[in-house]
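S.K.: Questions regarding the structure given below will be posed in turn.
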Amino acid sequence: MAKKIATIPFTGTAEQEQELRATIDALREDPGCLMPIMQKAQEIYGYLPIEVQTLIAEELNIPLEKVFGVATFYAQFTMSPKGKYRISVCLGTACYVKGSGIVMEKLEEALGIESGEITQDGKFSLDDCRCVGACGLAPVVTINDDVYGRLTGSLKEVQDILAKYAD
Amino acid sequence: MKTLQELTAIKEEMRREMALRLGKEADGAKYRKHVLMCGGTGCTSSGSMKIADELENQLKAKGIDNEIFVVRTGCFGLCERGPIMIVYPEGSFYTHVKMEMIDRIVDEHLIGGKPVKEFLYDETVTEGSDDIKSLNETTFYAKQHRVALRNCGLINPENINEYIGRSGYEALHKVLTSMTPEEVIQEILDSGLRGRGGGGFPTGMKWKLARNIVPDADIKYVCCNADEGDPGAFMDRSVLEGDPHVVLEAMTIAGFAIGASQGYIYVRAEYPIAVQRLRIAIKQAREAGMLGNDIFGTGFSFDIDLRLGAGAFVCGEETALMTSIEGNRGEPRPRPPFPAEKGLYQKPTILNNVETYANVPQIILKGAKWYASMGTETAKGTKVFALGGKIKNTGLVEIPMGTTLREIIEEIGGGIPNGKKFKAAQAGGPSGGCIPAEHYDVSVDYDSLAKIGCMIGSGGLIVLDEDNCMVDIAKFFLQFTMDESCGKCTPCRIGTKRLYEILDKITSGNGELSDLDKLEELCQYIKANSLCGLGQTAPNPVLSTLRFFRDEYIAHIVDKKCPAGVCKSLLQYVIDKDKCVGCGMCAKQCPASAIERTDYIAPNHKLASFEINQTKCVKCGACMAQCRPKAIGKQ
């Protein structure tokens, strides 16, 4: 499946970069070092933005295309960070016929992002998911471990829910 | 550590301490009892490590922490009953252990000497008698024969000395000081050990090829495949979590046999406990001189590094795994050349599975004859299976090759729960097939299963009962292989997708009889033309279910019915109007507003009954779950 690429600006710190460079220096002699370096980079940054991939490619003197190729091949690598609050909209059959597609649209509108993306402040990330098994509550949205059911799909309702996560 | 004397000294000291765990009275042992707490993934997920901490705190508070020794082990196998705790020397078997049970176990058992009967595994307790059976007398364990798992659930995997206490690293010493590489290879060949990861290729043959095929090779590699990815399989994880040193020792032996000095273990990142224990084990082995330069002062040097996978099923295929270790997209490459000739970094390489390695030290110590005395004519030794699905004793078992499926399921596995009937066992995961009831007595070994179009695979064994739909199972596995196909070759990338689409068409009630021919033709084409094992075996679940359960496919296509009542599109939820009390709970729950009140009032009822509008129904089942008089059923 195609991977979403982050739309929020890269906010890596000098410390993070220093840690990544130190990792690369420690591992660069090993011919198979690319994946261990990328795994460490994802640990440092939480995801693999193109800036980080570029840094790795330049440091190892390999084409960026190769780093990107590895990042897209393995399920574990993500190029989009997850938010402090992870919103999942159930698009299973039961929720879908009850209008979870509309709930998704309203969430996208309220947050100003599309499914698979994260808000500029890194607070909310939005994804669709398969049936969560709460069809009696359809349509269902989960935010981290909280479940919201029987949503009507109004913008006001969605905004009220998001307001609970103000901190 | 440079000599056998030093190794033996540690072993003797540890043996005294660990004798309790073999049910023996130990002279001069420091502790009165050993309490073993499972630290495998299953039990840890239900909080076993916190329970162990609590136990240690209580022992300290009650002043007996110098009498009772708490050991965090690897997996005991009976994951169904986790968290598991065993008290030795008596072998008392506590299951589903909870925090609040610790108080009584400490007071009544560890201090008072009387096991708390109601917390023990039910099979070990007899009504009205004080006799308590030990763990090894239960049917789950009594029938097993543990070689690869011999230390799992017995030793602390984070302490190299406990491994040495179980004759650990003795095989390595024997090999380095008294055998030639050719003799080692011959021993493995004679033992009849075959690859336990699924392929079943003779291990000794692999080693022999890697030793001889490129005579002047300067560098060779030994790799371990710990990228266990089949849904429902966790044999390798348990070995790594419970006995990581056995893999390190075996890989070093393999390194000596083929002439390699570097090894890699490719382990999935999804196994954090296994990764951590391997890291500890490698560090301890290096410190003890069991890895590194000049092992046992023989001049032989060997070291092992870990490589973490990143979530790609195809990396369990040998060439893809090596491509991934090299730091590339884990795509397979054509064979030949085989890895024995051109493997990792184009150098001669052997790749064996975790469980295969776990057998090697025992073969060296006890001899090929001993190993070959277990199993069948063509499949020697034992095999570990992960039992799952509709079976009472979900968990890990090790049995001699050639045990019948009936014995595995009915005796060791405890049979099918809820009085349901055995329908089939799915072996080998997405690469395997199913064994139907008519072959319940089949001998479980490589060749007998191959004869009925199935395979042992890596050892996942999922039991299915009459409530499972075979077409749906085939579809489930095809969805998996379709998602995991790496996309390099067309037959696999596009073929698995088309197979999935046809299966989906059949399960949604739109199938035609000609689809069955299309399925078979496409399966043969994918098998014959795919580049690697993933694609070549992907059609197996379809072929196997078509062979044994063709009538179920036909029921879906011709009668538009799913006999097991699984495929939602072919299901109808129906309200029995005479049972319906008219409460309306179902209509309130219905996400699709498909339930409406009728005019019909059943005799003895006050309110009119409801009915389901089948065109609106989305078959979520919410109504059935809510109906208190149980008036709603599936048809």
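Chain labels A, B, ... are given in the sequence in which chains occur in the structure tokens; within each chain residues are numbered consecutively from 1, and ligands are likewise numbered from 1 in the order shown.
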Restrict the distance test to only C-alpha atoms, flag each residue of chain A within 8 Å of chain B, and return the flagged residues as number ranges by chain.
M.R.: A: 31-36, 66, 69-70, 73-77, 93-95, 97-98, 135-139
S.K.: Assign secondary structure with DSSP using the backbone only, and return the residues of chain A in strand (DSSP E) as a list in words.
M.R.: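 Going through chain A, the strand (DSSP E) residues come out as Tyr85, Arg86, Ile87, Ser88, Val89, Cys90, Phe124, Ser125, Leu126, Asp127, Asp128, Cys129, Val141, Thr142, Ile143, Asp146, Val147 and Tyr148 of chain A.
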S.K.: Fewer than 4 positions away in the same chain doesn't count, so skip those; otherwise give me all residues within 7 Å of segment 143-159 of chain A, counting only C-alpha atoms, as a list of chain:residue names.
M.R.: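 Close residues of segment 143-159 of chain A: A:Tyr85, A:Arg86, A:Ile87, A:Ser88, A:Gly99, A:Ile102, A:Val103, A:Lys106, A:Leu107, A:Ala110, A:Leu137, A:Ala138, A:Pro139, A:Ala163.
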S.K.: For Glu43 of chain A, please output as number ranges by chain all residues within 12 Å (counting only C-alpha atoms; exclusion window: fewer than 4 positions along the same chain).
M.R.: A: 16, 19-20, 23, 36-39, 47-48, 52, 76-78, 81
S.K.: Please produce an output containing C-alpha atoms for each residue in the selection, written as a tab-separated table (two decimals), in the first residue's frame.
M.R.:
```tsv
chain	number	residue	atom	x	y	z
A	16	GLN	CA	18.44	14.60	17.44
A	19	GLU	CA	22.47	11.46	17.91
A	20	LEU	CA	21.69	10.28	14.37
A	23	THR	CA	24.73	6.35	15.14
A	36	PRO	CA	19.85	-0.60	11.55
A	37	ILE	CA	20.52	3.13	10.98
A	38	MET	CA	16.98	3.73	9.71
A	39	GLN	CA	15.53	1.82	12.65
A	47	TYR	CA	9.16	8.68	11.89
A	48	LEU	CA	11.34	9.00	8.81
A	52	VAL	CA	16.20	12.47	7.74
A	76	GLN	CA	7.53	-0.86	10.20
A	77	PHE	CA	8.93	2.32	8.66
A	78	THR	CA	6.58	5.27	8.63
A	81	PRO	CA	4.32	10.79	12.45
```
S.K.: Residues at most 6 Å from segment 490-506 of chain B, counting only C-alpha atoms, excluding those fewer than 6 positions away in the same chain, as number ranges by chain?
M.R.: B: 475, 478, 482, 526, 530, 535
S.K.: Enumerate, as number ranges by chain, the complete set of residues in segment 481-628 of chain B that a backbone-based DSSP assignment places in helix (DSSP H, G or I).
M.R.: B: 481-484, 490-507, 514-529, 533-537, 540-548, 550-557, 568-570, 585-589, 622-626
S.K.: Using only C-alpha atoms, which residue out of B:Ala9, B:Val566, B:Leu154, B:Ala142 lies closest to Val71 of chain B?
M.R.: B:Leu154
